[in-house]
Structure formats: C-alpha cells, structure tokens
$ cat run-v7.cif   # mmCIF, C-alpha atoms
data_data
#
loop_
_atom_site.group_PDB
_atom_site.id
_atom_site.type_symbol
_atom_site.label_atom_id
_atom_site.label_comp_id
_atom_site.auth_asym_id
_atom_site.auth_seq_id
_atom_site.Cartn_x
_atom_site.Cartn_y
_atom_site.Cartn_z
ATOM 1 C CA MET I 6 45.599 0.940 46.324
ATOM 2 C CA GLU I 7 45.932 -1.287 43.272
ATOM 3 C CA PRO I 8 49.331 -2.601 42.154
ATOM 4 C CA MET I 9 50.786 -0.762 39.204
ATOM 5 C CA ASP I 10 52.173 -3.410 36.884
ATOM 6 C CA ILE I 11 52.339 -1.120 33.882
ATOM 7 C CA VAL I 12 53.658 2.392 34.190
ATOM 8 C CA GLY I 13 50.694 4.646 34.909
ATOM 9 C CA LYS I 14 48.094 1.899 34.546
ATOM 10 C CA SER I 15 46.528 -0.512 36.978
ATOM 11 C CA LYS I 16 46.383 -4.204 36.210
ATOM 12 C CA GLU I 17 42.709 -3.893 35.241
ATOM 13 C CA ASP I 18 43.488 -1.206 32.639
ATOM 14 C CA ALA I 19 45.857 -3.489 30.711
ATOM 15 C CA SER I 20 44.021 -5.512 28.115
ATOM 16 C CA LEU I 21 44.040 -6.706 24.545
ATOM 17 C CA PRO I 22 41.387 -5.989 21.893
ATOM 18 C CA LYS I 23 38.652 -8.558 22.525
ATOM 19 C CA ALA I 24 37.499 -8.803 18.906
ATOM 20 C CA THR I 25 41.030 -9.465 17.677
ATOM 21 C CA MET I 26 41.736 -11.986 20.411
ATOM 22 C CA THR I 27 38.435 -13.776 19.777
ATOM 23 C CA LYS I 28 39.310 -13.999 16.080
ATOM 24 C CA ILE I 29 42.762 -15.430 16.893
ATOM 25 C CA ILE I 30 41.250 -17.977 19.278
ATOM 26 C CA LYS I 31 38.731 -19.099 16.642
ATOM 27 C CA GLU I 32 41.427 -19.339 13.955
ATOM 28 C CA MET I 33 43.560 -21.579 16.169
ATOM 29 C CA LEU I 34 40.797 -24.130 16.759
ATOM 30 C CA PRO I 35 38.997 -26.515 14.425
ATOM 31 C CA PRO I 36 35.812 -25.001 12.941
ATOM 32 C CA ASP I 37 33.541 -27.359 14.879
ATOM 33 C CA VAL I 38 34.926 -26.298 18.282
ATOM 34 C CA ARG I 39 33.140 -23.546 20.179
ATOM 35 C CA VAL I 40 34.633 -21.613 23.080
ATOM 36 C CA ALA I 41 32.508 -20.262 25.910
ATOM 37 C CA ARG I 42 32.753 -16.515 26.497
ATOM 38 C CA ASP I 43 34.144 -17.143 30.007
ATOM 39 C CA ALA I 44 36.887 -19.309 28.501
ATOM 40 C CA GLN I 45 37.669 -16.616 25.909
ATOM 41 C CA ASP I 46 37.930 -13.992 28.649
ATOM 42 C CA LEU I 47 40.223 -16.281 30.645
ATOM 43 C CA LEU I 48 42.445 -16.872 27.615
ATOM 44 C CA ILE I 49 42.671 -13.118 27.007
ATOM 45 C CA GLU I 50 43.632 -12.551 30.662
ATOM 46 C CA CYS I 51 46.279 -15.269 30.362
ATOM 47 C CA CYS I 52 47.702 -13.530 27.275
ATOM 48 C CA VAL I 53 47.840 -10.198 29.115
ATOM 49 C CA GLU I 54 49.564 -11.853 32.079
ATOM 50 C CA PHE I 55 52.052 -13.577 29.752
ATOM 51 C CA ILE I 56 52.873 -10.272 28.060
ATOM 52 C CA ASN I 57 53.334 -8.620 31.467
ATOM 53 C CA LEU I 58 55.619 -11.457 32.589
ATOM 54 C CA ILE I 59 57.782 -11.299 29.447
ATOM 55 C CA SER I 60 57.860 -7.487 29.549
ATOM 56 C CA SER I 61 58.922 -7.430 33.175
ATOM 57 C CA GLU I 62 61.663 -10.007 32.679
ATOM 58 C CA SER I 63 62.825 -8.255 29.475
ATOM 59 C CA ASN I 64 63.101 -5.050 31.482
ATOM 60 C CA ASP I 65 65.145 -6.858 34.154
ATOM 61 C CA VAL I 66 67.487 -8.276 31.490
ATOM 62 C CA CYS I 67 67.814 -4.806 29.969
ATOM 63 C CA ASN I 68 68.628 -3.267 33.372
ATOM 64 C CA ARG I 69 71.224 -5.943 34.137
ATOM 65 C CA GLU I 70 72.951 -4.998 30.894
ATOM 66 C CA GLU I 71 72.698 -1.336 31.938
ATOM 67 C CA LYS I 72 70.702 -0.458 28.819
ATOM 68 C CA ARG I 73 67.821 1.988 28.654
ATOM 69 C CA THR I 74 65.877 0.457 25.777
ATOM 70 C CA ILE I 75 64.509 -3.075 25.648
ATOM 71 C CA ALA I 76 65.838 -4.740 22.502
ATOM 72 C CA PRO I 77 64.605 -7.910 20.801
ATOM 73 C CA GLU I 78 67.595 -9.755 22.284
ATOM 74 C CA HIS I 79 66.334 -8.870 25.772
ATOM 75 C CA VAL I 80 62.944 -10.399 24.982
ATOM 76 C CA LEU I 81 64.572 -13.584 23.668
ATOM 77 C CA LYS I 82 66.750 -13.807 26.784
ATOM 78 C CA ALA I 83 63.653 -13.277 28.969
ATOM 79 C CA LEU I 84 61.936 -16.206 27.252
ATOM 80 C CA GLU I 85 64.953 -18.366 28.038
ATOM 81 C CA VAL I 86 65.188 -17.234 31.670
ATOM 82 C CA LEU I 87 61.474 -17.859 32.246
ATOM 83 C CA GLY I 88 61.637 -21.384 30.848
ATOM 84 C CA PHE I 89 60.100 -20.694 27.444
ATOM 85 C CA GLY I 90 63.266 -21.603 25.531
ATOM 86 C CA GLU I 91 61.335 -23.863 23.144
ATOM 87 C CA TYR I 92 59.613 -20.772 21.724
ATOM 88 C CA ILE I 93 62.768 -18.779 21.006
ATOM 89 C CA GLU I 94 63.288 -20.143 17.497
ATOM 90 C CA GLU I 95 59.688 -19.455 16.465
ATOM 91 C CA VAL I 96 59.685 -15.999 18.075
ATOM 92 C CA TYR I 97 62.959 -15.129 16.358
ATOM 93 C CA ALA I 98 61.540 -16.290 12.998
ATOM 94 C CA ALA I 99 58.462 -14.097 13.527
ATOM 95 C CA TYR I 100 60.745 -11.177 14.423
ATOM 96 C CA GLU I 101 62.795 -11.673 11.237
ATOM 97 C CA GLN I 102 59.592 -11.853 9.161
ATOM 98 C CA HIS I 103 58.386 -8.633 10.802
ATOM 99 C CA LYS I 104 61.663 -6.903 9.893
ATOM 100 C CA ILE I 105 61.327 -8.003 6.267
ATOM 101 C CA GLU I 106 57.709 -6.802 6.050
ATOM 102 C CA THR I 107 58.585 -3.492 7.691
ATOM 103 C CA MET I 108 61.455 -2.966 5.258
ATOM 104 C CA GLN I 109 59.193 -3.759 2.288
ATOM 105 C CA ASP I 110 56.578 -1.307 3.563
ATOM 106 C CA SER I 111 59.145 1.454 3.924
ATOM 107 C CA LEU I 112 60.472 0.783 0.420
ATOM 108 C CA LYS I 113 56.935 1.073 -0.951
ATOM 109 C CA GLY I 114 56.593 4.449 0.703
ATOM 110 C CA GLY I 115 54.441 3.406 3.610
ATOM 111 C CA LYS I 116 50.893 2.194 3.861
ATOM 112 C CA TRP I 117 49.361 5.275 2.213
ATOM 113 C CA SER I 118 51.410 5.170 -0.946
ATOM 114 C CA ASN I 119 50.509 3.091 -3.955
ATOM 115 C CA GLY I 120 54.147 2.961 -4.999
ATOM 116 C CA ALA I 121 53.761 5.558 -7.765
ATOM 117 C CA GLU I 122 55.507 8.896 -7.553
ATOM 118 C CA MET I 123 53.541 12.100 -8.219
ATOM 119 C CA THR I 124 54.899 15.222 -9.728
ATOM 120 C CA GLU I 125 54.404 18.406 -7.748
ATOM 121 C CA GLU I 126 51.753 19.552 -10.222
ATOM 122 C CA GLU I 127 49.861 16.266 -9.869
ATOM 123 C CA ALA I 128 50.054 16.508 -6.087
ATOM 124 C CA VAL I 129 48.682 20.078 -6.138
ATOM 125 C CA ALA I 130 45.888 19.042 -8.516
ATOM 126 C CA GLU I 131 45.003 16.079 -6.282
ATOM 127 C CA GLN I 132 45.030 18.329 -3.217
ATOM 128 C CA GLN I 133 42.712 20.833 -4.942
ATOM 129 C CA ARG I 134 40.362 18.004 -5.964
ATOM 130 C CA MET I 135 40.239 16.739 -2.385
ATOM 131 C CA PHE I 136 39.590 20.263 -1.077
ATOM 132 C CA ALA I 137 36.722 20.641 -3.560
ATOM 133 C CA GLU I 138 35.227 17.321 -2.433
ATOM 134 C CA ALA I 139 35.526 18.367 1.212
ATOM 135 C CA ARG I 140 33.872 21.727 0.473
ATOM 136 C CA ALA I 141 31.058 19.935 -1.328
ATOM 137 C CA ARG I 142 30.495 17.661 1.665
ATOM 138 C CA MET I 143 30.548 20.643 4.010
ATOM 139 C CA ASN I 144 27.950 22.425 1.832
ATOM 140 C CA GLY I 145 25.595 19.476 2.012
ATOM 141 C CA GLY I 146 26.621 17.983 -1.287
ATOM 142 C CA ALA I 147 26.126 21.134 -3.297
ATOM 143 C CA VAL I 148 29.186 21.864 -5.329
ATOM 144 C CA ALA I 149 29.763 25.570 -5.663
ATOM 145 C CA PRO I 150 30.953 26.380 -9.157
ATOM 146 C CA LYS I 151 34.502 27.603 -9.204
ATOM 147 C CA GLN I 152 34.724 31.222 -10.185
ATOM 148 C CA PRO I 153 37.236 31.811 -12.971
ATOM 149 C CA ASP I 154 40.224 33.856 -12.011
ATOM 150 C CA PRO I 155 39.989 37.337 -13.499
ATOM 151 C CA ASP I 156 42.406 37.761 -16.352
ATOM 152 C CA PRO I 157 44.773 40.560 -15.297
ATOM 153 C CA SER I 158 45.365 41.512 -18.964
ATOM 154 C CA LEU I 159 41.685 42.528 -19.360
ATOM 155 C CA GLU I 160 41.775 45.058 -16.554
ATOM 156 C CA SER I 161 42.370 48.680 -17.515
#
$ encode --input "run-v7.cif" --output "structure tokens"
Amino acid sequence: MEPMDIVGKSKEDASLPKATMTKIIKEMLPPDVRVARDAQDLLIECCVEFINLISSESNDVCNREEKRTIAPEHVLKALEVLGFGEYIEEVYAAYEQHKIETMQDSLKGGKWSNGAEMTEEEAVAEQQRMFAEARARMNGGAVAPKQPDPDPSLES
C-alpha cells in the first residue's frame, strides 16, 4: 500500500498545475535558456516535496502548541526549524502583500464586482436581461418576443 502523505491522497496524487509551474520556471530564467521537459518535471516534483515538507513541519509546530489550525506563524516557524531561516523575511513580506491585496479585493466587493453599487431596480433589470439572453441561447439564438402583460384595467 502506498504511503499517505496528504490526508486521503497518495503521494502520486499530489501535484501542482504543470502549465502554471512551467510558466513560473520560464519567468525565472533568462529568455535564452531552455529547460528540458524532464528537468521541468523534476522541478515540479521538488516543489511538491518542499510543500509537503513545510506542511508537515507546520502541522508539527501547530500540534506542539496544541492548536487545531495551522497559522502563518506556524509556517514561518517550520521554515526556521527546517533550516530555511533565510527565506523567512521574504515569505513574511509575501504574506503581508497577500493580506493587503485580499483586503483591497474585499473592499472592492470581490472579484465579480466592478466597484459600483446597483439599485434593486437595476439589479432586477440586469437579471431579466441575463435571463432573456439565456433563453435566446437555449432557443438556438431565436429571441422570443416578450408578450405584453395584459392590462387589468381593460378586462371587464
């Protein structure tokens, strides 16, 4: 049976997105340097192993402190314990930048908002427009004309 390094997943199941990792690798190197696919795969495996190592040690630090949730401080302590102390300052700076960006995103209303507030009427009108577009797509592009609502004052 395979070792379970990640809860519910075997070591082979843990990976990182290859396209993203390949892009990062290329961005880190001069433009005239090429990396063989085998070397890229090895680098990706090294990254996965590094993440597993830091995660495991962070969990140990968390358990020693009798906490149930791994906090950023546990990750920083894990880096120190594992001999990666020279990275702590840069990792902490990246963490602080992430907090700032996250706060700015939440102030803007999230990634789907353009920052402008809609009135309830505008929101309903936008929803109706989107429903009409969806109906048109479902009907093969044919837009069914909207039937006018019968005027209740004309009924006898």
$ atom_distance --input "run-v7.cif" --atom1 "atom CA of I:Gln109" --atom2 "atom CA of I:Ala76"
21.3 Å
$ resolve_selection --input "run-v7.cif" --expression "the PyMOL selection byres ((chain I and resi 62) around 10)" --output "PyMOL selection string"
chain I and resi 56-61+63-68+79-80+82-84+86-87
$ closest_residue --input "run-v7.cif" --among "I:Ala130, I:Ala139, I:Val53, I:Leu81" --to "I:Ala99" --atoms "all atoms listed in the file"
I:Leu81
$ atom_distance --input "run-v7.cif" --atom1 "atom CA of I:Met108" --atom2 "atom CA of I:Thr25"
24.8 Å
$ atom_distance --input "run-v7.cif" --atom1 "atom CA of I:Lys23" --atom2 "atom CA of I:Gln102"
25.1 Å
